[in-house]
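These notes concern the structure reproduced below.
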Amino acid sequence: MLREQTAADPARRHRALAGLTAFQRAPRVPRHAADMVVATAGRARLIDRGGAGPAVVLVPSLINPPHILDLAPGNSLCAALAAAGLRPLLVDWGTPDAGDADLTIAGHVERLLLPLIAAAAAANGGRPPLLAGYCLGGTMAIAAAALAPVAGLALIAAPWRFAGFPDEARDAIATIGEAAQPIADTLGLFPIETLQAAFWRLDPARTIAKFERFAGLDPTSDAGRAFVTLEDWASDGPPLTRGAGMELVDAFFASDAPGTAMWRVGGRTIDPAALPCPVLDIVSTTDRIVPAASAAGVGDRITLGLGHVGMVVGGRAPGALWEPLQRWLCALAPSW
């Protein structure tokens, strides 16, 4: 990809490689000293991120680590919710091994997410918690809200109608899935690097340009540290189980099972329009990872003009996403 993007400009290639080297060598800031674990379900954990009010279970994607929702001091959706009088409980999916090979995305909801929601209800004084899901975590949260009592469901850039993805994105996922299947069959795991390659290909020019820009930054500056923190998150993450990876490729992207009422979880076909709780759907018209056309299209809607990651941790995230999400959740959470 680097060769393709810089074939006509060797100086750009040099800058991008210099930026990559600077990124690799940049100092890292340690994360939280310890996690306060509220409950576990298999390898998954429910982590308390502070606050003393009504519980909000935050469901991240299976792809990349969960701490995008609690990225850094001063840049944390979890901290913003806690400051608003809520109690954010962050799902950490843990790291699968070969023994989890057949666990699908639906299986993650049934065996891991639903028990954690039940534990959150117990920690919430027996009252159903609020639920918020980001990216594929939102897709999974829709299924969970159909199967377990929740006080409300907020979706953040959550895909449901996979036919709404551009053909080139669906084709890229299919190609990568086909290439990765022999590895997944051998290991029982779907390497995360295969999906990361697909994301890079969605906007290769931007992928190269961001490392060119970093070559001109001081890695110890605020901007430099923010870049390193975010790119470390984007480059990290456990593998998917073979079952989850192939369900994502075949049932979701190839067949659009959720969007055509063919996705079954817990013995039920999941229909977002039939959810028994209030729903907020936050989408962006400039999201290249999860296009607005893929949203479920139910409940209240907030439309943004921010990138898939920028809407959660970018400079405009507090005013554009955190604050309206706080207001919506707090309106459903009676005062304690």
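Naming works like this for the structure tokens: A, B, ... for the chains as they're shown, residue 1 at the start of each chain, ligands 1 onward in shown order.
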
For this session: Could you pull out the residues in region 18-261 of chain A that DSSP calls helix (DSSP H, G or I) from the backbone, as an MDAnalysis selection string?
Result: chainID A and resid 18:25 66:70 77:83 98:100 105:123 136:147 162:164 167:187 192:202 204:214 222:234 242:254

For this session: Would you kindly return, as a ChimeraX atom specification, each protein, DNA or RNA residue with an atom no farther than 8 Å from any atom of Ile270 (chain A), considering only C-alpha atoms and excluding same-chain residues fewer than 2 positions away?
Result: /A:142-143,146,258,261-265,268,272

Could you dump the residues just selected with C-alpha atoms as a CSV table (one decimal), in the first residue's frame?
```csv
chain,number,residue,atom,x,y,z
A,142,ILE,CA,-29.4,-4.6,19.8
A,143,ALA,CA,-29.6,-8.4,20.2
A,146,ALA,CA,-34.1,-7.9,22.6
A,258,PRO,CA,-29.2,-8.7,10.5
A,261,ALA,CA,-34.3,-10.3,9.5
A,262,MET,CA,-32.2,-13.5,9.3
A,263,TRP,CA,-30.0,-13.1,12.3
A,264,ARG,CA,-31.0,-15.3,15.2
A,265,VAL,CA,-29.7,-14.9,18.7
A,268,ARG,CA,-35.0,-15.5,18.3
A,272,PRO,CA,-34.6,-3.6,16.2
```

For this session: May I have the residues within 8 Å of region 127-129 of chain A as a PyMOL selection string, using only C-alpha atoms and disregarding those fewer than 3 positions away in the same chain?
Result: chain A and resi 54-57+117+120-122+124+149-152

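Note that CA of Pro219 (chain A) and CA of Ala26 (chain A) are 5.8 Å apart.
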
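If you measure from each of A:Gly188, A:Arg170, A:Val312, A:Ala144 to Asp70 (chain A) using only C-alpha atoms, the closest one turns out to be A:Val312.
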
For this session: Just list the residues in region 113-283 of chain A DSSP gives strand (DSSP E) on the backbone, as a ChimeraX atom specification.
Result: /A:130-134,152-156,189-190,240-241,264-265,268-269,279-283

Print the selection's residues with C-alpha atoms to a file, as a short mmCIF file (atom, residue, chain, number, x, y, z; two decimals), in the first residue's frame.
```cif
data_model
loop_
_atom_site.label_atom_id
_atom_site.label_comp_id
_atom_site.auth_asym_id
_atom_site.auth_seq_id
_atom_site.Cartn_x
_atom_site.Cartn_y
_atom_site.Cartn_z
CA LEU A 130 -28.90 1.33 30.52
CA LEU A 131 -27.02 -0.08 27.52
CA ALA A 132 -24.75 1.67 25.00
CA GLY A 133 -22.93 -0.06 22.16
CA TYR A 134 -20.22 1.20 19.83
CA GLY A 152 -32.67 2.16 27.24
CA LEU A 153 -30.30 1.44 24.37
CA ALA A 154 -27.89 3.96 22.79
CA LEU A 155 -26.19 2.98 19.54
CA ILE A 156 -22.98 4.72 18.45
CA LEU A 189 -8.85 -17.83 15.57
CA PHE A 190 -9.32 -15.08 13.00
CA LEU A 240 -11.60 -12.95 16.77
CA THR A 241 -12.79 -16.48 17.20
CA ARG A 264 -31.05 -15.32 15.22
CA VAL A 265 -29.70 -14.93 18.75
CA ARG A 268 -35.05 -15.47 18.35
CA THR A 269 -34.88 -13.44 15.18
CA VAL A 279 -33.46 3.65 21.50
CA LEU A 280 -31.04 6.38 20.45
CA ASP A 281 -29.17 5.87 17.16
CA ILE A 282 -26.08 8.08 16.68
CA VAL A 283 -24.76 7.99 13.11
#
```

Problem set entry | Selection near Leu2 (chain A), 8 Å with only C-alpha atoms, sequence-local residues under 4 positions removed, as a VMD selection string | chain A and resid 6 13 208

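Between CA of Arg111 (chain A) and CA of Ala148 (chain A) lies a distance of 12.7 Å.
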
Exercise. Hey, what's within 7 Å of region 326-331 of chain A if we count only C-alpha atoms and toss same-chain stuff fewer than 3 positions away? As a ChimeraX atom specification, please?
Worked result: /A:81,84,322-323

Contacts of Met311 (chain A) at 8 Å or less, counting only C-alpha atoms, minus same-chain residues fewer than 6 places along, as a tab-separated table (two decimals) with all heavy atoms, in the first residue's frame?
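File around.tsv, as written:
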```
chain	number	residue	atom	x	y	z
A	304	LEU	N	-24.27	13.13	12.92
A	304	LEU	CA	-23.03	13.87	13.08
A	304	LEU	C	-22.30	13.95	11.74
A	304	LEU	O	-22.66	13.27	10.78
A	304	LEU	CB	-22.13	13.18	14.12
A	304	LEU	CG	-22.74	12.85	15.47
A	304	LEU	CD1	-21.72	12.11	16.33
A	304	LEU	CD2	-23.19	14.11	16.18
A	317	ALA	N	-15.64	15.60	19.98
A	317	ALA	CA	-16.47	14.55	20.57
A	317	ALA	C	-17.25	15.01	21.80
A	317	ALA	O	-18.43	14.66	21.94
A	317	ALA	CB	-15.61	13.33	20.92
A	320	ALA	N	-20.24	17.16	20.50
A	320	ALA	CA	-21.06	16.53	19.46
A	320	ALA	C	-21.69	15.22	19.91
A	320	ALA	O	-22.83	14.92	19.53
A	320	ALA	CB	-20.21	16.28	18.21
A	321	LEU	N	-20.98	14.44	20.73
A	321	LEU	CA	-21.49	13.12	21.10
A	321	LEU	C	-21.66	12.92	22.59
A	321	LEU	O	-22.72	12.51	23.06
A	321	LEU	CB	-20.58	12.02	20.52
A	321	LEU	CG	-21.12	10.58	20.65
A	321	LEU	CD1	-20.71	9.76	19.44
A	321	LEU	CD2	-20.67	9.89	21.92
```

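The shortest atom-to-atom distance to Pro73 (chain A), with only C-alpha atoms taken into account, belongs to A:Val29 out of A:Leu90, A:Ala16, A:Val29, A:Gly319.
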
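When only C-alpha atoms are used to compute distances to Ala82 (chain A), the closest of the residues A:Asp218, A:Asp232, A:Asp256, A:Asp48 turns out to be A:Asp48.
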
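Residue nearest Arg225 (chain A) within the list A:Ala22, A:Ala11, A:Ala295, A:Cys135: A:Ala22 [criterion: smallest interatomic distance, only C-alpha atoms].
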
For this session: Could you tell me which of A:Phe211, A:Gly138, A:Leu202, A:Glu231 comes closest to Asp171 (chain A) if we count only C-alpha atoms?
Result: A:Leu202

For this session: Can you pull out every residue within 8 Å of region 191-194 of chain A, counting only C-alpha atoms, but drop anything in the same chain fewer than 4 positions away, and send it as an MDAnalysis selection string?
Result: chainID A and resid 63:64 176:177 180 183:184 198 237:240

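Closest approach to Leu17 (chain A) among A:Asp203, A:Asp300, A:Glu212, A:Asp222 is made by A:Glu212 (distances from only C-alpha atoms).
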